[in-house]
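Colleague: Below is the file final_24.cif, which contains mmCIF, C-alpha atoms.
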```cif
data_start
#
loop_
_atom_site.group_PDB
_atom_site.id
_atom_site.type_symbol
_atom_site.label_atom_id
_atom_site.label_comp_id
_atom_site.auth_asym_id
_atom_site.auth_seq_id
_atom_site.Cartn_x
_atom_site.Cartn_y
_atom_site.Cartn_z
ATOM 1 C CA MET O 258 11.730 -32.528 -8.485
ATOM 2 C CA LYS O 259 12.501 -30.596 -5.301
ATOM 3 C CA ILE O 260 12.150 -26.844 -5.753
ATOM 4 C CA TYR O 261 13.921 -24.182 -3.680
ATOM 5 C CA LEU O 262 13.414 -20.415 -3.560
ATOM 6 C CA ALA O 263 16.709 -18.660 -2.839
ATOM 7 C CA SER O 264 15.023 -15.607 -1.314
ATOM 8 C CA ALA O 265 13.762 -14.563 2.109
ATOM 9 C CA SER O 266 11.242 -12.144 0.564
ATOM 10 C CA PRO O 267 7.701 -12.905 1.773
ATOM 11 C CA ARG O 268 6.409 -11.174 -1.357
ATOM 12 C CA ARG O 269 8.276 -13.551 -3.661
ATOM 13 C CA ARG O 270 7.144 -16.506 -1.598
ATOM 14 C CA GLU O 271 3.490 -15.465 -1.915
ATOM 15 C CA LEU O 272 3.827 -14.914 -5.658
ATOM 16 C CA LEU O 273 5.536 -18.251 -6.239
ATOM 17 C CA GLU O 274 2.753 -20.002 -4.324
ATOM 18 C CA ARG O 275 0.355 -18.867 -7.055
ATOM 19 C CA LEU O 276 1.958 -21.383 -9.399
ATOM 20 C CA GLY O 277 0.682 -24.196 -7.205
ATOM 21 C CA ILE O 278 4.087 -25.765 -6.641
ATOM 22 C CA SER O 279 5.606 -27.058 -3.423
ATOM 23 C CA PHE O 280 8.913 -25.438 -2.558
ATOM 24 C CA ALA O 281 11.273 -24.754 0.313
ATOM 25 C CA VAL O 282 12.649 -21.324 1.150
ATOM 26 C CA VAL O 283 16.447 -21.303 1.490
ATOM 27 C CA PRO O 284 17.632 -17.679 1.385
ATOM 28 C CA ALA O 285 20.958 -16.878 -0.232
ATOM 29 C CA GLN O 286 23.364 -15.258 2.226
ATOM 30 C CA GLY O 287 26.422 -14.527 0.135
ATOM 31 C CA GLU O 288 27.822 -11.112 -0.695
ATOM 32 C CA GLU O 289 26.552 -9.526 -3.880
ATOM 33 C CA HIS O 290 29.185 -8.810 -6.534
ATOM 34 C CA ILE O 291 28.108 -6.507 -9.343
ATOM 35 C CA THR O 292 30.248 -6.358 -12.464
ATOM 36 C CA GLU O 293 27.565 -5.247 -14.921
ATOM 37 C CA ASP O 294 26.333 -1.716 -15.649
ATOM 38 C CA CYS O 295 22.955 -2.065 -17.373
ATOM 39 C CA PRO O 296 20.067 -2.695 -14.947
ATOM 40 C CA GLN O 297 18.807 -5.738 -16.845
ATOM 41 C CA ASP O 298 22.279 -7.279 -16.689
ATOM 42 C CA VAL O 299 22.663 -6.375 -12.999
ATOM 43 C CA VAL O 300 19.458 -8.132 -11.915
ATOM 44 C CA VAL O 301 20.266 -11.238 -13.942
ATOM 45 C CA GLU O 302 23.790 -11.318 -12.518
ATOM 46 C CA LEU O 303 22.516 -11.032 -8.940
ATOM 47 C CA ALA O 304 19.769 -13.600 -9.506
ATOM 48 C CA ARG O 305 22.367 -16.033 -10.855
ATOM 49 C CA GLN O 306 24.560 -15.477 -7.804
ATOM 50 C CA LYS O 307 21.671 -16.250 -5.452
ATOM 51 C CA ALA O 308 20.516 -19.335 -7.335
ATOM 52 C CA GLY O 309 24.089 -20.546 -7.798
ATOM 53 C CA GLU O 310 24.906 -20.207 -4.106
ATOM 54 C CA ILE O 311 22.010 -22.392 -2.993
ATOM 55 C CA TYR O 312 22.454 -24.853 -5.843
ATOM 56 C CA GLU O 313 26.102 -25.429 -4.935
ATOM 57 C CA LYS O 314 25.182 -25.896 -1.266
ATOM 58 C CA LEU O 315 22.638 -28.526 -2.250
ATOM 59 C CA MET O 316 25.203 -30.319 -4.391
ATOM 60 C CA ASP O 317 27.741 -30.190 -1.550
ATOM 61 C CA ALA O 318 25.113 -31.710 0.751
ATOM 62 C CA LYS O 319 25.062 -34.754 -1.548
ATOM 63 C CA THR O 320 21.597 -34.188 -2.951
ATOM 64 C CA ASP O 321 23.078 -34.610 -6.411
ATOM 65 C CA GLU O 322 21.259 -37.924 -6.858
ATOM 66 C CA GLU O 323 17.866 -36.177 -6.958
ATOM 67 C CA ASP O 324 16.368 -33.658 -9.359
ATOM 68 C CA VAL O 325 16.313 -30.111 -7.975
ATOM 69 C CA LEU O 326 15.395 -26.634 -9.172
ATOM 70 C CA VAL O 327 16.643 -23.458 -7.496
ATOM 71 C CA ILE O 328 14.926 -20.147 -8.255
ATOM 72 C CA GLY O 329 16.856 -16.944 -7.607
ATOM 73 C CA ALA O 330 15.522 -13.428 -8.185
ATOM 74 C CA ASP O 331 16.596 -9.836 -7.763
ATOM 75 C CA THR O 332 14.765 -6.551 -8.360
ATOM 76 C CA VAL O 333 16.039 -3.013 -8.905
ATOM 77 C CA VAL O 334 14.459 0.297 -9.783
ATOM 78 C CA CYS O 335 16.111 2.439 -12.444
ATOM 79 C CA CYS O 336 15.454 6.141 -13.027
ATOM 80 C CA ASP O 337 17.338 8.053 -15.717
ATOM 81 C CA GLY O 338 19.992 5.371 -15.855
ATOM 82 C CA VAL O 339 20.582 5.417 -12.091
ATOM 83 C CA ILE O 340 19.991 2.076 -10.354
ATOM 84 C CA LEU O 341 18.118 2.360 -7.072
ATOM 85 C CA GLY O 342 18.357 -0.605 -4.745
ATOM 86 C CA LYS O 343 17.178 -0.798 -1.155
ATOM 87 C CA PRO O 344 17.797 2.393 0.860
ATOM 88 C CA GLY O 345 20.584 2.362 3.384
ATOM 89 C CA SER O 346 18.997 5.037 5.584
ATOM 90 C CA THR O 347 15.879 7.183 5.915
ATOM 91 C CA LYS O 348 17.738 10.009 4.189
ATOM 92 C CA ASP O 349 18.558 7.667 1.332
ATOM 93 C CA ALA O 350 14.889 6.622 1.069
ATOM 94 C CA GLU O 351 13.721 10.230 0.986
ATOM 95 C CA GLY O 352 16.203 11.034 -1.783
ATOM 96 C CA MET O 353 15.007 8.108 -3.905
ATOM 97 C CA LEU O 354 11.366 9.121 -3.543
ATOM 98 C CA ARG O 355 12.186 12.700 -4.546
ATOM 99 C CA ARG O 356 13.957 11.345 -7.627
ATOM 100 C CA LEU O 357 10.909 9.234 -8.576
ATOM 101 C CA SER O 358 8.357 11.983 -7.890
ATOM 102 C CA GLY O 359 6.300 12.930 -10.956
ATOM 103 C CA ARG O 360 8.387 10.762 -13.277
ATOM 104 C CA THR O 361 8.400 7.423 -15.054
ATOM 105 C CA HIS O 362 10.958 4.859 -13.976
ATOM 106 C CA GLN O 363 11.668 1.226 -14.747
ATOM 107 C CA VAL O 364 11.531 -1.815 -12.489
ATOM 108 C CA TYR O 365 13.680 -4.766 -13.516
ATOM 109 C CA THR O 366 13.505 -8.239 -12.019
ATOM 110 C CA GLY O 367 16.012 -10.878 -12.986
ATOM 111 C CA VAL O 368 15.224 -14.559 -12.469
ATOM 112 C CA ALA O 369 17.731 -17.413 -12.539
ATOM 113 C CA LEU O 370 16.761 -21.072 -12.708
ATOM 114 C CA TRP O 371 19.468 -23.581 -11.785
ATOM 115 C CA MET O 372 18.292 -27.124 -12.326
ATOM 116 C CA ARG O 373 19.727 -30.596 -11.984
ATOM 117 C CA GLU O 374 17.730 -33.163 -13.900
ATOM 118 C CA ARG O 375 18.828 -36.736 -14.522
ATOM 119 C CA GLY O 376 22.374 -35.841 -13.524
ATOM 120 C CA GLU O 377 22.665 -32.855 -15.849
ATOM 121 C CA THR O 378 22.932 -29.216 -14.747
ATOM 122 C CA VAL O 379 20.829 -26.661 -16.605
ATOM 123 C CA ARG O 380 21.165 -22.900 -16.042
ATOM 124 C CA HIS O 381 18.547 -20.552 -17.431
ATOM 125 C CA SER O 382 17.878 -16.877 -16.743
ATOM 126 C CA PHE O 383 15.734 -13.984 -17.938
ATOM 127 C CA TYR O 384 14.521 -10.553 -16.883
ATOM 128 C CA GLU O 385 11.281 -8.602 -17.024
ATOM 129 C CA LYS O 386 10.834 -4.809 -17.174
ATOM 130 C CA THR O 387 7.852 -2.701 -16.073
ATOM 131 C CA ASP O 388 7.455 1.073 -16.471
ATOM 132 C CA VAL O 389 5.980 2.855 -13.450
ATOM 133 C CA THR O 390 4.801 6.482 -13.433
ATOM 134 C CA MET O 391 4.515 8.331 -10.125
ATOM 135 C CA TYR O 392 2.386 11.261 -9.073
ATOM 136 C CA GLU O 393 4.148 14.343 -7.759
ATOM 137 C CA LEU O 394 5.044 13.555 -4.153
ATOM 138 C CA PRO O 395 4.837 16.423 -1.640
ATOM 139 C CA GLU O 396 7.490 16.505 1.037
ATOM 140 C CA SER O 397 4.889 15.795 3.724
ATOM 141 C CA ASP O 398 3.908 12.528 2.007
ATOM 142 C CA ILE O 399 7.527 11.498 1.551
ATOM 143 C CA ALA O 400 8.300 12.163 5.220
ATOM 144 C CA ALA O 401 5.210 10.308 6.450
ATOM 145 C CA TYR O 402 5.839 7.328 4.180
ATOM 146 C CA VAL O 403 9.479 6.989 5.192
ATOM 147 C CA ALA O 404 8.483 7.308 8.858
ATOM 148 C CA SER O 405 6.124 4.348 8.393
ATOM 149 C CA GLY O 406 9.145 2.129 7.737
ATOM 150 C CA GLU O 407 7.655 0.501 4.641
ATOM 151 C CA PRO O 408 10.276 1.780 2.164
ATOM 152 C CA MET O 409 13.288 0.516 4.073
ATOM 153 C CA ASP O 410 13.497 -3.019 2.643
ATOM 154 C CA LYS O 411 12.307 -2.263 -0.865
ATOM 155 C CA ALA O 412 14.127 -1.416 -4.071
ATOM 156 C CA GLY O 413 13.454 2.201 -4.986
ATOM 157 C CA SER O 414 12.096 2.859 -1.485
ATOM 158 C CA TYR O 415 8.458 2.033 -2.182
ATOM 159 C CA GLY O 416 6.164 -0.976 -2.186
ATOM 160 C CA ILE O 417 3.467 -0.993 -4.855
ATOM 161 C CA GLN O 418 1.657 -3.759 -2.975
ATOM 162 C CA GLY O 419 1.556 -1.659 0.200
ATOM 163 C CA THR O 420 0.845 1.957 1.105
ATOM 164 C CA GLY O 421 3.227 3.014 -1.673
ATOM 165 C CA ALA O 422 0.419 2.185 -4.118
ATOM 166 C CA VAL O 423 -1.098 5.622 -3.438
ATOM 167 C CA PHE O 424 1.867 7.227 -5.227
ATOM 168 C CA VAL O 425 1.517 5.247 -8.470
ATOM 169 C CA ARG O 426 -0.259 6.975 -11.366
ATOM 170 C CA SER O 427 0.104 4.122 -13.863
ATOM 171 C CA ILE O 428 2.132 1.086 -14.862
ATOM 172 C CA ALA O 429 2.975 -0.432 -18.229
ATOM 173 C CA GLY O 430 3.907 -4.092 -17.925
ATOM 174 C CA ASP O 431 3.612 -6.819 -15.323
ATOM 175 C CA TYR O 432 2.405 -5.589 -11.919
ATOM 176 C CA ASN O 433 3.839 -8.649 -10.164
ATOM 177 C CA ASN O 434 7.236 -7.818 -11.605
ATOM 178 C CA VAL O 435 7.175 -4.599 -9.570
ATOM 179 C CA VAL O 436 6.275 -6.596 -6.455
ATOM 180 C CA GLY O 437 9.330 -8.772 -7.022
ATOM 181 C CA LEU O 438 8.605 -11.810 -9.200
ATOM 182 C CA PRO O 439 7.102 -11.894 -12.722
ATOM 183 C CA VAL O 440 5.052 -15.047 -12.170
ATOM 184 C CA ALA O 441 3.392 -15.043 -15.604
ATOM 185 C CA ARG O 442 6.763 -14.995 -17.366
ATOM 186 C CA LEU O 443 8.138 -17.522 -14.871
ATOM 187 C CA TYR O 444 5.225 -19.859 -15.627
ATOM 188 C CA GLN O 445 5.992 -19.655 -19.346
ATOM 189 C CA GLU O 446 9.714 -20.239 -18.816
ATOM 190 C CA LEU O 447 9.061 -23.272 -16.598
ATOM 191 C CA LYS O 448 6.801 -24.714 -19.275
ATOM 192 C CA GLN O 449 9.572 -24.276 -21.830
ATOM 193 C CA LEU O 450 11.905 -26.203 -19.520
ATOM 194 C CA GLY O 451 9.335 -28.993 -19.184
ATOM 195 C CA ILE O 452 8.608 -28.291 -15.512
ATOM 196 C CA GLU O 453 5.013 -28.905 -14.490
ATOM 197 C CA THR O 454 3.263 -26.543 -12.079
ATOM 198 C CA GLY O 455 0.083 -27.183 -10.133
ATOM 199 C CA VAL O 456 -1.596 -23.951 -11.139
ATOM 200 C CA TRP O 457 -4.523 -25.802 -12.764
ATOM 201 C CA HIS O 458 -4.735 -28.665 -10.256
ATOM 202 C CA ARG O 459 -5.635 -27.114 -6.938
#
```
Could you express the structure from this file as structure tokens?

Modeller:
Amino acid sequence: MKIYLASASPRRRELLERLGISFAVVPAQGEEHITEDCPQDVVVELARQKAGEIYEKLMDAKTDEEDVLVIGADTVVCCDGVILGKPGSTKDAEGMLRRLSGRTHQVYTGVALWMRERGETVRHSFYEKTDVTMYELPESDIAAYVASGEPMDKAGSYGIQGTGAVFVRSIAGDYNNVVGLPVARLYQELKQLGIETGVWHR
């Protein structure tokens, strides 16, 4: 089975590599269309759009004779019911960090698996949620962090795997989910679908 990751995120690529599978990176490029309101529904909807876009392109390219799996994922931060995606500006990033300061928020990642096996199409999706509690963030830290550029391509304007880790007091749930891909849950879901990984055969 040929496996494709419908994401340009280097963080997701690194996490997926932990499963010991060979895959190609084919980033989704289509416009995102959000019709849902709840964060868990939003991330699943967006993950499905990404996986579906690449899957349809593969089918159009006449690869329908071979078995394929497309993995799409999307992550958002949610604080008090407000969904925080990637910041559109430094001002936007600063505002998000002020909102998160000293509080507990949720990180949701949706994952969509679009698979063609023996001529049949299978669509499967799920989401994972992690609670993250931040320290109080002084304005000087917010300004310095935003100036570093790290927050600008990350949901919620911080990266737990980068310098943003210094702001995190605690987490409850899967750390990798906050980074962008809940690999433990993904491993379990792949097993349920009968897809072998190479995690134990390196």

Colleague: Any chance you could resolve the PyMOL selection byres ((chain O and resi 366) around 8) against this file and give the residues as a VMD selection string?

Modeller: chain O and resid 297 300 to 301 330 to 333 364 to 365 367 to 368 384 to 386 434 to 435 437 to 439

Colleague: Applying 12 Å and all atoms listed in the file, which residues near Tyr444 (chain O) remain after dropping the ones on its own chain fewer than 3 positions away? List them as a list of chain:residue names.

Modeller: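 Here the answer would be O:Leu272, O:Leu273, O:Glu274, O:Arg275, O:Leu276, O:Gly277, O:Ile278, O:Val368, O:Leu370, O:Leu438, O:Pro439, O:Val440, O:Ala441, O:Leu447, O:Lys448, O:Gln449, O:Leu450, O:Gly451, O:Ile452, O:Glu453, O:Thr454, O:Gly455, O:Val456, O:Trp457.
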
Colleague: Could you write out as number ranges by chain the residues that the PyMOL selection byres ((chain O and resi 350-356) around 12) matches in the shown file?

Modeller: O: 334-349, 357-362, 390-416, 421, 424-425

Colleague: Using all atoms listed in the file, which protein or nucleic acid residues come within 8 Å of Asp324 (chain O)? Drop anything in the same chain fewer than 4 positions from it, and give the result as a tab-separated table (two decimals) with C-alpha atoms, in the frame of the given file.

Modeller:
```
chain	number	residue	atom	x	y	z
O	258	MET	CA	11.73	-32.53	-8.48
O	259	LYS	CA	12.50	-30.60	-5.30
O	372	MET	CA	18.29	-27.12	-12.33
O	373	ARG	CA	19.73	-30.60	-11.98
O	374	GLU	CA	17.73	-33.16	-13.90
O	375	ARG	CA	18.83	-36.74	-14.52
O	376	GLY	CA	22.37	-35.84	-13.52
```

Colleague: Please measure the separation of CA of Ala265 (chain O) and CA of Val283 (chain O), giving the value in Å to one decimal.

Modeller: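 Answer for the CA of Ala265 (chain O) to CA of Val283 (chain O) separation: 7.3 Å.
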
Colleague: Can you work out which one of O:Glu313, O:Asp298, O:Glu289, O:Glu446 has the shortest atom-to-atom distance to Thr378 (chain O), counting all atoms listed in the file?

Modeller: O:Glu313

Colleague: Output as JSON the centre and edge lengths (Å, one decimal) of the box along x, y and z of the file that holds every listed atom of region 385-400 of chain O after adding 5 Å on each side.

Modeller:
```
{"center_x": 6.8, "center_y": 4.0, "center_z": -6.0, "size_x": 18.9, "size_y": 35.1, "size_z": 32.4}
```

Colleague: Select, counting all atoms listed in the file, all protein, DNA and RNA residues no farther than 6 Å from (13.5, -22.8, -3.8) in file coordinates, and express the selection as a PyMOL selection string.

Modeller: chain O and resi 260-263+280-282+327-328

Colleague: Between CA of Gln306 (chain O) and CA of Ala318 (chain O), what is the spacing in Å?

Modeller: 18.4 Å

Colleague: For the atom pair CA of Ala422 (chain O) and CA of Leu303 (chain O), what is the interatomic distance in Å to one decimal place?

Modeller: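 Atom-to-atom, CA of Ala422 (chain O) to CA of Leu303 (chain O), that is 26.2 Å.
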
Colleague: From the set O:Asp431, O:Asp294, O:Gln286, O:Leu326, which residue has the shortest atom-to-atom contact distance to Glu310 (chain O), counting all atoms listed in the file?

Modeller: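 Nearest to Glu310 (chain O): O:Gln286.
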
Colleague: Give the answer as one residue: which of O:Ser427, O:Leu315, O:Lys307, O:Arg380 has the shortest atom-to-atom distance to Gly329 (chain O), using all atoms listed in the file?

Modeller: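 Ranking O:Ser427, O:Leu315, O:Lys307, O:Arg380 by distance to Gly329 (chain O), first place goes to O:Lys307.
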